[in-house]
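Engineer: Can you keep this structure in mind? I'll have questions shortly.
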Amino acid sequence: MTGKSRIAAITGGASGIGLAFARRWIESGGKAVLLDMHSAALRSAVEALGPTARGFEIDVTDRSSVDGAFRSIQTNEGSLDVLVNCAGIADPGPSHEVSDESFSRMLDIHVTGSMRCARAAYPLLINSDAASIVNLGSVATYTGMPQRASYTAAKAGIGGLTRTLAAEWAQVGIRVNAVGPGYVRTALTDSLVAEGKLRDEPIKARTPLGRFAEPDEIADAIHFLAGCTSTYITGHMLMADGGMSIDGSWY
Ligand SMILES: NC(=O)c1ccc[n+]([C@@H]2O[C@H](COP(=O)([O-])OP(=O)(O)OC[C@H]3O[C@@H](n4cnc5c(N)ncnc54)[C@H](O)[C@@H]3O)[C@@H](O)[C@H]2O)c1
C-alpha cells in the first residue's frame with residue numbers, strides 16, 4: 001500500500017540519500033521526480049531508476065527555478081503526494097573566518113530552499129489524500145559542532161521550519177517531519193574525508209553502532225515518514241544516527 005502509484009518530488013535526488021530514497025519509493029510502487037542542479041548526475045540517476053523516474057534540473061536557491069519545477073510536476077504528473085527536501089552541501093571552516101556569502105548560501109540552500117520547495121509544492125499537496133513533507137535535519141540540529149557554524153545554524157533552522165509547517169499545515173492535511181541522520185556514506189561525506197575535513201575514526205568511536213550509515217538506511221527512515229504507516233506523526237524529527245545523539249557513555 002505504502003507509496004503505491006503516489007508521486008514523490010525529491011530535491012537533491014541525483015545523489016546520496018535523495019537517490020536512495022527515490023529507489024526505495026519506486027520499489028514500493030511510487031513514481032519519483034528527481035530535482036537536482038547536477039545535470040549529469042540527474043541524467044544517470046533517472047536512467048538507472050527507469051521509467052517511473054523523471055528528472056528536472058533545479059537550483060533550490062532560485063525561486064523561478066523552483067516554481068518552474070513544480071509547474072512541470074503539475075503539467076506532467078498532475079499531482080504530488082510527497083516532497084523530500086534533500087538538497088544540501090557542507091562547507092566547514094573556522095567560524096572567525098566564515099564569509100557572509102558562504103554562511104548565507106548554506107542557509108539559502110538548506111532552510112530557504114526547503115521553504116521555497118514546500119511553498120511551491122503546497123497547491124499540489126493540498127489535493128493529495130496523504131500529503132507528506134520530509135526535511136533533512138542532522139545531529140547538527142541539536143549539537144554545537146566546531147567549524148560547522150553555518151551547517152548547524154541551517155540544520156537547527158530545519159527543526160524550526162519543520163515544526164511550524166507541521167503545526168500550520170495540519171489543518172489542510174499535510175504532515176511535515178524531518179529525519180536527522182548521523183554520518184552517512186555519501187558524496188558529501190566522501191569529499192570532506194578526501195579534503196581532510198572529516199575523520200572516520202572519531203565518528204565511529206562516537207557512534208554507539210560503531211559505523212557510518214548507508215544511504216539506504218536513511219532512505220528507510222524517510223520512507224516511513226513519507227508513507228502511509230506514519231499517518232499520526234507530524235512535526236517530528238526522527239533521529240537516524242546510530243545512537244550518536246543519545247549516547248551518554250562519554251563519562
Ligand atoms: N551524508 C551525511 O552524513 C548527512 C548527515 C546528516 C544530514 N545530511 C543531509 O542529507 C541531505 C543529503 O545529503 P547527501 O549526503 O545525500 O549529499 P549528496 O552530496 O550525496 O547529495 C546532495 C545533492 O544535493 C544537490 N544540490 C546541492 N545544492 C543544490 C541546489 N542549490 N539545488 C539543487 N540541488 C542541489 C547536489 O547536486 C547533490 O546531488 C543534505 O541536506 C545533508 O545536509 C547528510
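Identifiers for the C-alpha cells are assigned positionally: chains receive A, B, ... in sequence, residues are indexed from 1 per chain, and ligands are indexed from 1 in the order shown.
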Among range 24-55 of chain A, which ones does DSSP assign to strand (DSSP E) (computed from the backbone)? Answer as a ChimeraX atom specification.
Structural biologist: /A:31-36,53-55
Engineer: Once you count only C-alpha atoms and all ligand atoms, which residues end up within 8 Å of ligand 1, and could you hand them over as a PyMOL selection string?
Structural biologist: chain A and resi 11-19+35-38+41-42+57-62+85-90+109-110+113+135-140+151+155+180-189+212-213+215
Engineer: Which residues, written as a list in words, have at least one atom at most 8 Å from Leu238 in chain A, with only C-alpha atoms counted and residues fewer than 6 positions away on the same chain left out?
Structural biologist: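 With the cut-off at 8 Å, the set is Asn177, Ala178, Val179, Gly180 and Ala221 of chain A.
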Engineer: Take the residues from that selection and put them in a file with N, CA and C atoms, as a PDB file, in the first residue's frame.
Structural biologist:
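Produced file part-v1.pdb, reproduced below:
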ATOM      1  N   ASN A 177       7.565  16.374   8.591  1.00  0.00           N
ATOM      2  CA  ASN A 177       8.507  15.778   9.538  1.00  0.00           C
ATOM      3  C   ASN A 177       9.924  15.944   9.010  1.00  0.00           C
ATOM      4  N   ALA A 178      10.878  15.485   9.802  1.00  0.00           N
ATOM      5  CA  ALA A 178      12.276  15.521   9.356  1.00  0.00           C
ATOM      6  C   ALA A 178      12.970  14.244   9.816  1.00  0.00           C
ATOM      7  N   VAL A 179      14.009  13.888   9.084  1.00  0.00           N
ATOM      8  CA  VAL A 179      14.914  12.818   9.519  1.00  0.00           C
ATOM      9  C   VAL A 179      16.245  13.475   9.883  1.00  0.00           C
ATOM     10  N   GLY A 180      16.816  13.026  10.987  1.00  0.00           N
ATOM     11  CA  GLY A 180      18.099  13.573  11.441  1.00  0.00           C
ATOM     12  C   GLY A 180      19.185  12.501  11.376  1.00  0.00           C
ATOM     13  N   ALA A 221      14.122   5.451   6.809  1.00  0.00           N
ATOM     14  CA  ALA A 221      13.512   6.356   7.802  1.00  0.00           C
ATOM     15  C   ALA A 221      12.654   7.409   7.092  1.00  0.00           C
TER      16      ALA A 221
END
Engineer: With only C-alpha atoms as the atoms that count, which of A:Ala32, A:Ile158, A:Met237, A:Ala121 lies nearest to Gln74 in chain A?
Structural biologist: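 Result for the nearest residue to Gln74 in chain A: A:Ala121.
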Engineer: Once DSSP has gone over the backbone, tell me which residues of range 29-221 of chain A are in alpha helix (DSSP H), as number ranges by chain.
Structural biologist: A: 39-49, 63-76, 100-107, 113-125, 149-169, 187-194, 200-206, 215-221
Engineer: How many Å lie between CA of Arg54 in chain A and CA of Cys117 in chain A, rounded to one decimal?
Structural biologist: 17.1 Å
Engineer: Mind pulling up the distance from CA of Glu217 in chain A to CA of Ala166 in chain A?
Structural biologist: 24.1 Å
Engineer: What's the separation between CA of Arg175 in chain A and CA of Ala130 in chain A, in Å to one decimal place?
Structural biologist: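 One can read the CA of Arg175 in chain A to CA of Ala130 in chain A distance as 8.3 Å.
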Engineer: For Gly242 in chain A, please output as a PyMOL selection string all residues within 7 Å (counting only C-alpha atoms; exclusion window: fewer than 3 positions along the same chain).
Structural biologist: chain A and resi 182+207-209
